[in-house]
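structure30.cif (mmCIF, N, CA and C atoms and all ligand atoms)
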data_query
#
loop_
_atom_site.label_atom_id
_atom_site.label_comp_id
_atom_site.auth_asym_id
_atom_site.auth_seq_id
_atom_site.Cartn_x
_atom_site.Cartn_y
_atom_site.Cartn_z
N MET A 1 203.36 16.51 188.58
CA MET A 1 202.28 16.11 189.50
C MET A 1 200.94 16.31 188.80
N GLU A 2 200.16 15.24 188.77
CA GLU A 2 198.84 15.29 188.15
C GLU A 2 197.79 15.22 189.27
N HIS A 3 196.91 16.20 189.32
CA HIS A 3 195.87 16.22 190.35
C HIS A 3 194.54 15.78 189.74
N THR A 4 193.81 15.01 190.49
CA THR A 4 192.47 14.60 190.06
C THR A 4 191.46 15.44 190.83
N CYS A 5 190.51 16.03 190.08
CA CYS A 5 189.53 16.92 190.71
C CYS A 5 188.13 16.53 190.28
N GLN A 6 187.18 16.95 191.10
CA GLN A 6 185.77 16.79 190.72
C GLN A 6 184.91 17.74 191.53
N CYS A 7 183.71 17.99 191.01
CA CYS A 7 182.76 18.77 191.79
C CYS A 7 182.20 17.86 192.89
N PRO A 8 181.48 18.42 193.87
CA PRO A 8 181.01 17.60 195.00
C PRO A 8 180.21 16.35 194.59
N CYS A 9 179.43 16.43 193.50
CA CYS A 9 178.61 15.26 193.13
C CYS A 9 179.35 14.31 192.20
N GLY A 10 180.49 14.75 191.64
CA GLY A 10 181.27 13.86 190.79
C GLY A 10 180.89 13.86 189.32
N THR A 11 179.88 14.64 188.94
CA THR A 11 179.50 14.71 187.52
C THR A 11 180.63 15.28 186.68
N ASN A 12 181.27 16.30 187.21
CA ASN A 12 182.40 16.91 186.49
C ASN A 12 183.71 16.39 187.07
N GLN A 13 184.39 15.56 186.29
CA GLN A 13 185.69 15.02 186.70
C GLN A 13 186.72 15.67 185.81
N PHE A 14 187.80 16.12 186.42
CA PHE A 14 188.82 16.74 185.58
C PHE A 14 190.19 16.58 186.23
N SER A 15 191.20 16.94 185.48
CA SER A 15 192.55 16.81 186.01
C SER A 15 193.32 18.10 185.81
N VAL A 16 194.31 18.32 186.68
CA VAL A 16 195.15 19.51 186.62
C VAL A 16 196.58 19.03 186.77
N SER A 17 197.46 19.57 185.94
CA SER A 17 198.86 19.15 186.03
C SER A 17 199.72 20.27 186.59
N GLY A 18 200.75 19.89 187.29
CA GLY A 18 201.70 20.85 187.83
C GLY A 18 201.30 21.37 189.20
N ASP A 19 202.10 22.30 189.69
CA ASP A 19 201.83 22.92 190.98
C ASP A 19 201.04 24.20 190.78
N PRO A 20 200.20 24.55 191.77
CA PRO A 20 199.48 25.83 191.64
C PRO A 20 200.44 27.02 191.74
N ILE A 21 200.03 28.13 191.14
CA ILE A 21 200.79 29.38 191.26
C ILE A 21 200.73 29.84 192.71
N VAL A 22 199.55 29.70 193.29
CA VAL A 22 199.36 30.07 194.69
C VAL A 22 198.11 29.36 195.20
N ARG A 23 198.11 29.12 196.49
CA ARG A 23 196.89 28.64 197.15
C ARG A 23 196.56 29.67 198.21
N PHE A 24 195.28 30.04 198.33
CA PHE A 24 194.92 31.15 199.21
C PHE A 24 193.52 30.94 199.77
N PHE A 25 193.21 31.73 200.76
CA PHE A 25 191.87 31.74 201.32
C PHE A 25 191.14 32.97 200.81
N CYS A 26 189.96 32.78 200.22
CA CYS A 26 189.19 33.90 199.70
C CYS A 26 187.96 34.14 200.57
N HIS A 27 187.86 35.36 201.07
CA HIS A 27 186.75 35.74 201.96
C HIS A 27 185.71 36.58 201.24
N CYS A 28 185.69 36.58 199.91
CA CYS A 28 184.72 37.42 199.22
C CYS A 28 183.31 36.87 199.45
N THR A 29 182.33 37.74 199.30
CA THR A 29 180.95 37.36 199.61
C THR A 29 180.41 36.33 198.61
N ILE A 30 180.96 36.34 197.39
CA ILE A 30 180.50 35.36 196.40
C ILE A 30 180.98 33.95 196.79
N CYS A 31 182.25 33.86 197.22
CA CYS A 31 182.74 32.55 197.68
C CYS A 31 181.95 32.09 198.90
N GLN A 32 181.69 33.01 199.81
CA GLN A 32 180.91 32.64 201.00
C GLN A 32 179.58 32.02 200.60
N GLU A 33 178.96 32.64 199.60
CA GLU A 33 177.65 32.16 199.17
C GLU A 33 177.77 30.85 198.38
N LYS A 34 178.70 30.81 197.42
CA LYS A 34 178.79 29.64 196.54
C LYS A 34 179.28 28.40 197.28
N TYR A 35 180.21 28.59 198.22
CA TYR A 35 180.74 27.43 198.94
C TYR A 35 179.99 27.20 200.24
N ASP A 36 179.07 28.10 200.57
CA ASP A 36 178.31 27.99 201.80
C ASP A 36 179.25 27.79 202.99
N ALA A 37 180.24 28.68 203.06
CA ALA A 37 181.29 28.58 204.08
C ALA A 37 181.79 29.99 204.38
N PRO A 38 182.47 30.20 205.52
CA PRO A 38 182.97 31.54 205.83
C PRO A 38 184.02 32.02 204.84
N PHE A 39 184.75 31.08 204.23
CA PHE A 39 185.72 31.45 203.20
C PHE A 39 186.03 30.22 202.35
N ALA A 40 186.66 30.46 201.20
CA ALA A 40 187.03 29.36 200.31
C ALA A 40 188.54 29.16 200.34
N ASP A 41 188.96 27.92 200.21
CA ASP A 41 190.37 27.55 200.15
C ASP A 41 190.63 27.19 198.68
N VAL A 42 191.36 28.07 197.98
CA VAL A 42 191.40 28.00 196.52
C VAL A 42 192.83 27.89 196.00
N ALA A 43 193.02 27.08 194.97
CA ALA A 43 194.31 26.99 194.28
C ALA A 43 194.19 27.62 192.91
N LEU A 44 195.21 28.38 192.54
CA LEU A 44 195.22 29.08 191.26
C LEU A 44 196.21 28.40 190.32
N PHE A 45 195.72 27.99 189.15
CA PHE A 45 196.55 27.33 188.14
C PHE A 45 196.45 28.09 186.83
N LYS A 46 197.40 27.82 185.93
CA LYS A 46 197.22 28.28 184.56
C LYS A 46 196.09 27.46 183.95
N LEU A 47 195.25 28.13 183.19
CA LEU A 47 194.11 27.46 182.58
C LEU A 47 194.57 26.33 181.66
N SER A 48 195.73 26.52 181.04
CA SER A 48 196.24 25.50 180.12
C SER A 48 196.66 24.22 180.84
N SER A 49 196.76 24.28 182.18
CA SER A 49 197.11 23.07 182.94
C SER A 49 195.89 22.22 183.26
N VAL A 50 194.70 22.78 182.97
CA VAL A 50 193.46 22.11 183.37
C VAL A 50 192.85 21.36 182.19
N ASP A 51 192.49 20.11 182.44
CA ASP A 51 191.82 19.31 181.42
C ASP A 51 190.41 19.03 181.92
N LEU A 52 189.47 19.86 181.44
CA LEU A 52 188.09 19.77 181.94
C LEU A 52 187.10 19.64 180.80
N PRO A 53 186.46 18.50 180.71
CA PRO A 53 185.37 18.39 179.75
C PRO A 53 184.20 19.21 180.28
N GLU A 54 183.78 20.19 179.52
CA GLU A 54 182.89 21.22 180.08
C GLU A 54 181.41 20.98 179.84
N GLN A 55 181.04 19.76 179.57
CA GLN A 55 179.64 19.56 179.17
C GLN A 55 178.64 19.79 180.30
N ALA A 56 179.06 19.69 181.54
CA ALA A 56 178.08 19.81 182.64
C ALA A 56 178.37 21.00 183.54
N VAL A 57 178.96 22.05 182.95
CA VAL A 57 179.28 23.24 183.72
C VAL A 57 178.61 24.45 183.08
N THR A 58 178.01 25.29 183.90
CA THR A 58 177.46 26.54 183.40
C THR A 58 178.26 27.68 184.00
N TYR A 59 178.82 28.52 183.12
CA TYR A 59 179.62 29.63 183.60
C TYR A 59 178.79 30.90 183.72
N GLY A 60 178.96 31.59 184.82
CA GLY A 60 178.26 32.85 185.01
C GLY A 60 179.20 33.90 185.54
N GLN A 61 178.97 35.13 185.18
CA GLN A 61 179.80 36.21 185.67
C GLN A 61 179.09 36.93 186.80
N TYR A 62 179.86 37.39 187.73
CA TYR A 62 179.32 38.12 188.86
C TYR A 62 179.85 39.54 188.83
N LYS A 63 178.96 40.45 189.02
CA LYS A 63 179.24 41.83 188.68
C LYS A 63 180.50 42.39 189.33
N ARG A 64 180.74 42.04 190.57
CA ARG A 64 181.88 42.62 191.25
C ARG A 64 183.20 42.17 190.66
N PHE A 65 183.22 40.97 190.05
CA PHE A 65 184.47 40.42 189.54
C PHE A 65 184.28 40.13 188.06
N VAL A 66 184.25 41.19 187.29
CA VAL A 66 183.88 41.06 185.88
C VAL A 66 184.76 40.09 185.12
N ALA A 67 186.02 39.97 185.52
CA ALA A 67 186.94 39.15 184.74
C ALA A 67 186.81 37.66 185.04
N ILE A 68 186.07 37.31 186.07
CA ILE A 68 186.03 35.92 186.50
C ILE A 68 184.71 35.25 186.14
N ASP A 69 184.82 34.11 185.43
CA ASP A 69 183.65 33.30 185.12
C ASP A 69 183.59 32.15 186.12
N ARG A 70 182.50 32.07 186.83
CA ARG A 70 182.36 31.01 187.82
C ARG A 70 181.62 29.83 187.20
N GLY A 71 182.26 28.68 187.20
CA GLY A 71 181.65 27.48 186.63
C GLY A 71 180.95 26.67 187.70
N MET A 72 179.63 26.52 187.52
CA MET A 72 178.84 25.76 188.49
C MET A 72 178.36 24.47 187.83
N CYS A 73 178.34 23.39 188.61
CA CYS A 73 177.90 22.10 188.09
C CYS A 73 176.41 22.13 187.78
N ASP A 74 176.04 21.56 186.63
CA ASP A 74 174.63 21.53 186.25
C ASP A 74 173.81 20.60 187.15
N ASP A 75 174.48 19.67 187.80
CA ASP A 75 173.75 18.71 188.64
C ASP A 75 173.71 19.13 190.11
N CYS A 76 174.88 19.38 190.71
CA CYS A 76 174.87 19.70 192.15
C CYS A 76 174.84 21.21 192.40
N HIS A 77 175.04 22.00 191.33
CA HIS A 77 174.99 23.47 191.45
C HIS A 77 176.03 24.01 192.42
N LYS A 78 177.12 23.27 192.56
CA LYS A 78 178.25 23.72 193.38
C LYS A 78 179.38 24.13 192.44
N PRO A 79 180.33 24.92 192.96
CA PRO A 79 181.44 25.35 192.09
C PRO A 79 182.29 24.18 191.58
N VAL A 80 182.59 24.22 190.29
CA VAL A 80 183.52 23.26 189.68
C VAL A 80 184.89 23.92 189.62
N MET A 81 184.95 25.03 188.92
CA MET A 81 186.14 25.87 188.88
C MET A 81 185.73 27.23 188.34
N ALA A 82 186.60 28.21 188.52
CA ALA A 82 186.35 29.52 187.94
C ALA A 82 187.48 29.83 186.97
N LYS A 83 187.15 30.62 185.95
CA LYS A 83 188.14 30.96 184.93
C LYS A 83 188.33 32.46 184.87
N MET A 84 189.57 32.84 184.61
CA MET A 84 189.87 34.25 184.35
C MET A 84 190.69 34.28 183.08
N GLY A 85 190.21 34.97 182.06
CA GLY A 85 190.92 35.01 180.79
C GLY A 85 190.72 33.72 180.02
N ALA A 86 191.51 33.53 178.96
CA ALA A 86 191.34 32.35 178.12
C ALA A 86 192.69 31.91 177.56
N GLY A 87 192.75 30.67 177.14
CA GLY A 87 193.94 30.14 176.48
C GLY A 87 195.19 30.23 177.34
N GLU A 88 196.30 30.55 176.70
CA GLU A 88 197.59 30.62 177.40
C GLU A 88 197.62 31.72 178.45
N LYS A 89 196.79 32.74 178.26
CA LYS A 89 196.75 33.85 179.21
C LYS A 89 195.66 33.66 180.27
N GLY A 90 195.07 32.48 180.27
CA GLY A 90 193.97 32.23 181.19
C GLY A 90 194.44 31.59 182.49
N TYR A 91 193.61 31.75 183.52
CA TYR A 91 193.89 31.16 184.82
C TYR A 91 192.66 30.45 185.34
N ALA A 92 192.88 29.46 186.17
CA ALA A 92 191.79 28.68 186.74
C ALA A 92 191.87 28.73 188.26
N PHE A 93 190.72 28.93 188.89
CA PHE A 93 190.62 28.91 190.35
C PHE A 93 189.85 27.64 190.73
N ILE A 94 190.48 26.79 191.51
CA ILE A 94 189.84 25.52 191.88
C ILE A 94 189.91 25.36 193.39
N ALA A 95 188.76 25.07 194.00
CA ALA A 95 188.73 24.91 195.45
C ALA A 95 189.48 23.66 195.86
N ALA A 96 190.22 23.77 196.97
CA ALA A 96 190.98 22.62 197.47
C ALA A 96 190.05 21.43 197.73
N GLN A 97 188.81 21.72 198.13
CA GLN A 97 187.88 20.63 198.43
C GLN A 97 187.48 19.85 197.19
N ASN A 98 187.75 20.41 195.99
CA ASN A 98 187.46 19.69 194.76
C ASN A 98 188.61 18.80 194.31
N PHE A 99 189.69 18.78 195.08
CA PHE A 99 190.82 17.90 194.77
C PHE A 99 190.63 16.58 195.50
N ALA A 100 190.88 15.49 194.78
CA ALA A 100 190.78 14.17 195.41
C ALA A 100 191.81 14.05 196.53
N ASN A 101 192.93 14.72 196.35
CA ASN A 101 194.03 14.61 197.31
C ASN A 101 194.58 16.01 197.64
N PRO A 102 193.82 16.81 198.39
CA PRO A 102 194.26 18.19 198.66
C PRO A 102 195.56 18.27 199.43
N GLU A 103 195.96 17.17 200.09
CA GLU A 103 197.24 17.19 200.83
C GLU A 103 198.42 17.34 199.88
N ALA A 104 198.20 17.03 198.60
CA ALA A 104 199.29 17.16 197.62
C ALA A 104 199.54 18.61 197.23
N LEU A 105 198.63 19.51 197.63
CA LEU A 105 198.80 20.93 197.29
C LEU A 105 199.70 21.60 198.32
N PRO A 106 200.41 22.65 197.91
CA PRO A 106 201.17 23.42 198.90
C PRO A 106 200.21 24.14 199.86
N ALA A 107 200.73 24.59 200.98
CA ALA A 107 199.90 25.29 201.96
C ALA A 107 199.45 26.64 201.41
N SER A 108 198.32 27.13 201.92
CA SER A 108 197.84 28.45 201.54
C SER A 108 198.78 29.51 202.11
N THR A 109 198.96 30.59 201.33
CA THR A 109 199.94 31.59 201.75
C THR A 109 199.36 32.98 201.98
N MET A 110 198.06 33.17 201.73
CA MET A 110 197.51 34.50 201.99
C MET A 110 195.98 34.45 202.08
N HIS A 111 195.43 35.53 202.61
CA HIS A 111 193.98 35.72 202.64
C HIS A 111 193.66 36.89 201.71
N VAL A 112 192.62 36.74 200.89
CA VAL A 112 192.18 37.87 200.06
C VAL A 112 190.73 38.20 200.36
N PHE A 113 190.36 39.42 200.04
CA PHE A 113 189.03 39.96 200.36
C PHE A 113 188.68 39.78 201.84
N TYR A 114 189.72 39.98 202.66
CA TYR A 114 189.56 39.78 204.10
C TYR A 114 188.60 40.80 204.70
N GLY A 115 188.43 41.92 204.02
CA GLY A 115 187.53 42.96 204.51
C GLY A 115 186.08 42.50 204.63
N THR A 116 185.70 41.48 203.85
CA THR A 116 184.31 40.99 203.92
C THR A 116 184.24 39.65 204.65
N ARG A 117 185.24 39.38 205.48
CA ARG A 117 185.28 38.09 206.19
C ARG A 117 184.07 37.89 207.10
N ALA A 118 183.69 36.62 207.24
CA ALA A 118 182.60 36.25 208.14
C ALA A 118 183.11 36.23 209.58
N HIS A 119 184.36 35.86 209.76
CA HIS A 119 184.96 35.94 211.09
C HIS A 119 186.48 36.08 210.96
N ASP A 120 187.11 36.52 212.03
CA ASP A 120 188.55 36.70 212.01
C ASP A 120 189.27 35.36 211.94
N VAL A 121 190.43 35.37 211.30
CA VAL A 121 191.27 34.18 211.25
C VAL A 121 192.58 34.51 211.97
N ASP A 122 192.93 33.69 212.93
CA ASP A 122 194.10 33.95 213.75
C ASP A 122 195.30 33.20 213.19
N ASP A 123 195.94 33.78 212.18
CA ASP A 123 197.19 33.19 211.69
C ASP A 123 198.11 34.32 211.26
N LEU A 124 199.30 33.95 210.80
CA LEU A 124 200.31 34.97 210.48
C LEU A 124 200.39 35.27 208.99
N LEU A 125 199.46 34.73 208.21
CA LEU A 125 199.51 34.96 206.77
C LEU A 125 199.11 36.39 206.43
N PRO A 126 199.64 36.92 205.30
CA PRO A 126 199.21 38.26 204.87
C PRO A 126 197.71 38.29 204.60
N LYS A 127 197.09 39.42 204.95
CA LYS A 127 195.65 39.55 204.76
C LYS A 127 195.36 40.79 203.91
N HIS A 128 194.88 40.55 202.72
CA HIS A 128 194.55 41.64 201.80
C HIS A 128 193.07 41.95 201.96
N HIS A 129 192.80 43.19 202.36
CA HIS A 129 191.44 43.50 202.80
C HIS A 129 190.45 43.81 201.69
N ASN A 130 190.85 44.62 200.74
CA ASN A 130 189.84 45.06 199.78
C ASN A 130 190.14 44.57 198.37
N TRP A 131 189.28 44.95 197.45
CA TRP A 131 189.39 44.50 196.07
C TRP A 131 190.74 44.88 195.47
N LEU A 132 191.13 46.13 195.71
CA LEU A 132 192.36 46.63 195.09
C LEU A 132 193.59 45.88 195.58
N SER A 133 193.73 45.75 196.89
CA SER A 133 194.93 45.09 197.39
C SER A 133 194.93 43.61 197.05
N SER A 134 193.74 43.00 196.97
CA SER A 134 193.66 41.58 196.60
C SER A 134 194.07 41.39 195.15
N GLN A 135 193.55 42.25 194.27
CA GLN A 135 193.91 42.18 192.86
C GLN A 135 195.41 42.38 192.67
N TRP A 136 195.95 43.31 193.42
CA TRP A 136 197.36 43.63 193.31
C TRP A 136 198.22 42.44 193.73
N ALA A 137 197.80 41.76 194.78
CA ALA A 137 198.54 40.58 195.24
C ALA A 137 198.56 39.52 194.15
N PHE A 138 197.43 39.35 193.45
CA PHE A 138 197.39 38.38 192.36
C PHE A 138 198.28 38.80 191.20
N LEU A 139 198.19 40.07 190.85
CA LEU A 139 198.97 40.55 189.71
C LEU A 139 200.46 40.32 189.92
N LYS A 140 200.90 40.59 191.14
CA LYS A 140 202.32 40.38 191.43
C LYS A 140 202.69 38.91 191.26
N LEU A 141 201.82 38.04 191.76
CA LEU A 141 202.10 36.59 191.65
C LEU A 141 202.08 36.12 190.20
N LEU A 142 201.10 36.63 189.43
CA LEU A 142 200.98 36.20 188.05
C LEU A 142 202.19 36.67 187.24
N ARG A 143 202.64 37.84 187.56
CA ARG A 143 203.79 38.37 186.85
C ARG A 143 205.02 37.51 187.15
N SER A 144 205.19 37.16 188.42
CA SER A 144 206.38 36.38 188.77
C SER A 144 206.26 34.95 188.23
N ALA A 145 205.00 34.50 187.98
CA ALA A 145 204.82 33.15 187.43
C ALA A 145 205.02 33.14 185.91
N GLY A 146 205.17 34.32 185.31
CA GLY A 146 205.39 34.39 183.88
C GLY A 146 204.12 34.15 183.11
ZN ZN A 201 178.37 18.35 190.62
ZN ZN A 202 186.14 34.67 196.58
#
Could you write out this file's structure as structure tokens?
Amino acid sequence: MEHTCQCPCGTNQFSVSGDPIVRFFCHCTICQEKYDAPFADVALFKLSSVDLPEQAVTYGQYKRFVAIDRGMCDDCHKPVMAKMGAGEKGYAFIAAQNFANPEALPASTMHVFYGTRAHDVDDLLPKHHNWLSSQWAFLKLLRSAG
């Protein structure tokens, strides 16, 4: 499965192959600010699955999440994708709204950073409240994804 993605203004067009490792809702304060929404709906892929010409993206690090580089579009200043690590050991976080066809993604299976939520979400998905439990949930998934 090949996914076509772009930032909101379309300056950054890119593609992602395969299925995401996980799709989740992130309630961290940085996502709230960057997406201008109560939470972000994000898919996690291996970085090697992403084909992104990076000429119009500026990556910045945010202190609370030292390992994650957030890529913002130089034109619309909205999130393009975020990176954690590099090369074969790297991962990419891409918002579902940046997919041309988000219906092709699997359903979200958890909430992370729920402790800083803007409002409660009434569903049966697991809710990881703080930094530690959220990181742990990712580590378990990454390990099982090889
Ligand atoms: Zn843009
Ligand atoms: Zn977040």
**Message:** Using only N, CA and C atoms and all ligand atoms, which residues have at least one atom no more than 7 Å from ligand ZN 201 (chain A)? Output them as an NGL selection string.
**Reply:** :A and (6-12 or 72-78)
Output as JSON lines one row per residue of chain A within 6 Å of ligand ZN 202 (chain A): the closest atom pair and its distance in Å to one decimal place, counting only N, CA and C atoms and all ligand atoms, sorted by chain and residue number ascending.
{"residue": "A:Cys26", "atom": "C", "partner": "A:ZN202", "partner_atom": "ZN", "distance": 4.4}
{"residue": "A:His27", "atom": "N", "partner": "A:ZN202", "partner_atom": "ZN", "distance": 4.9}
{"residue": "A:Cys28", "atom": "N", "partner": "A:ZN202", "partner_atom": "ZN", "distance": 3.9}
{"residue": "A:Thr29", "atom": "N", "partner": "A:ZN202", "partner_atom": "ZN", "distance": 5.6}
{"residue": "A:Ile30", "atom": "C", "partner": "A:ZN202", "partner_atom": "ZN", "distance": 5.2}
{"residue": "A:Cys31", "atom": "N", "partner": "A:ZN202", "partner_atom": "ZN", "distance": 4.0}
{"residue": "A:Gln32", "atom": "N", "partner": "A:ZN202", "partner_atom": "ZN", "distance": 5.7}
**Request:** For atom CA of Ser17 of chain A and atom CA of Lys127 of chain A, quote the distance in Å rounded to one decimal.
**Result:** 27.9 Å
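Here atom C of Val80 of chain A stands at a distance of 20.6 Å from atom CA of Met110 of chain A.
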**Contacts of Gly115 of chain A within 6 Å, all atoms listed in the file, excl. fewer than 6 positions in-chain, as a list in words** =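 The neighbour list is His128, His129 and Asn130 of chain A.
Here atom CA of Val16 of chain A stands at a distance of 19.1 Å from atom CA of Leu141 of chain A.
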**Request:** Compare A:Pro20, A:Gly90, A:Pro53, A:Pro79 by their minimum atom-to-atom distance to Pro106 of chain A, counting only N, CA and C atoms, and give me the closest one.
**Result:**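 Result for the nearest residue to Pro106 of chain A: A:Pro20.
For His3 of chain A, the list of residues within 7 Å, based on only N, CA and C atoms and with local chain neighbours fewer than 5 positions off taken out, reads A:Phe14, A:Ser15, A:Val16, A:Ser17, A:Gly18, A:Phe99, A:Ala100, A:Asn101.
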Those in segment 26-82 of chain A with alpha helix (DSSP H) from DSSP, as a PDB file with N, CA and C atoms, in the coordinates of the input:
ATOM      1  N   THR A  29     182.330  37.740 199.300  1.00  0.00           N
ATOM      2  CA  THR A  29     180.950  37.360 199.610  1.00  0.00           C
ATOM      3  C   THR A  29     180.410  36.330 198.610  1.00  0.00           C
ATOM      4  N   ILE A  30     180.960  36.340 197.390  1.00  0.00           N
ATOM      5  CA  ILE A  30     180.500  35.360 196.400  1.00  0.00           C
ATOM      6  C   ILE A  30     180.980  33.950 196.790  1.00  0.00           C
ATOM      7  N   CYS A  31     182.250  33.860 197.220  1.00  0.00           N
ATOM      8  CA  CYS A  31     182.740  32.550 197.680  1.00  0.00           C
ATOM      9  C   CYS A  31     181.950  32.090 198.900  1.00  0.00           C
ATOM     10  N   GLN A  32     181.690  33.010 199.810  1.00  0.00           N
ATOM     11  CA  GLN A  32     180.910  32.640 201.000  1.00  0.00           C
ATOM     12  C   GLN A  32     179.580  32.020 200.600  1.00  0.00           C
ATOM     13  N   GLU A  33     178.960  32.640 199.600  1.00  0.00           N
ATOM     14  CA  GLU A  33     177.650  32.160 199.170  1.00  0.00           C
ATOM     15  C   GLU A  33     177.770  30.850 198.380  1.00  0.00           C
ATOM     16  N   LYS A  34     178.700  30.810 197.420  1.00  0.00           N
ATOM     17  CA  LYS A  34     178.790  29.640 196.540  1.00  0.00           C
ATOM     18  C   LYS A  34     179.280  28.400 197.280  1.00  0.00           C
ATOM     19  N   TYR A  35     180.210  28.590 198.220  1.00  0.00           N
ATOM     20  CA  TYR A  35     180.740  27.430 198.940  1.00  0.00           C
ATOM     21  C   TYR A  35     179.990  27.200 200.240  1.00  0.00           C
TER      22      TYR A  35
END
**Asked** Between A:Cys5, A:Leu142, A:Arg70, A:Phe45, which has the minimum distance to Phe93 of chain A (counting all atoms listed in the file)?
**Response**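 Using all atoms listed in the file, Phe93 of chain A sits closest to A:Phe45.
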**Request:** Have a look at A:Ser144, A:Phe39, A:Glu33, A:Asp19 and name the one nearest to Ala104 of chain A; count all atoms listed in the file.
**Result:**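 Selected residue with least distance to Ala104 of chain A: A:Asp19.
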**Message:** Given only C-alpha atoms as the basis, pick out the residue of A:Tyr91, A:Trp131, A:Tyr114, A:Trp136 nearest to Ile21 of chain A.
**Reply:** A:Tyr91
**Message:** Please return, as a ChimeraX atom specification, all residues of segment 6-119 of chain A that DSSP assigns to strand (DSSP E or B) on the basis of the backbone.
**Reply:** /A:6,13-17,22-26,40-46,50-51,57-62,65-73,79-84,91-95,99,111-112
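Among the candidates A:Val22, A:Ala37, A:Leu139, A:Ala43, the residue lying nearest to Ala118 of chain A is A:Ala37 (atoms considered: only C-alpha atoms).
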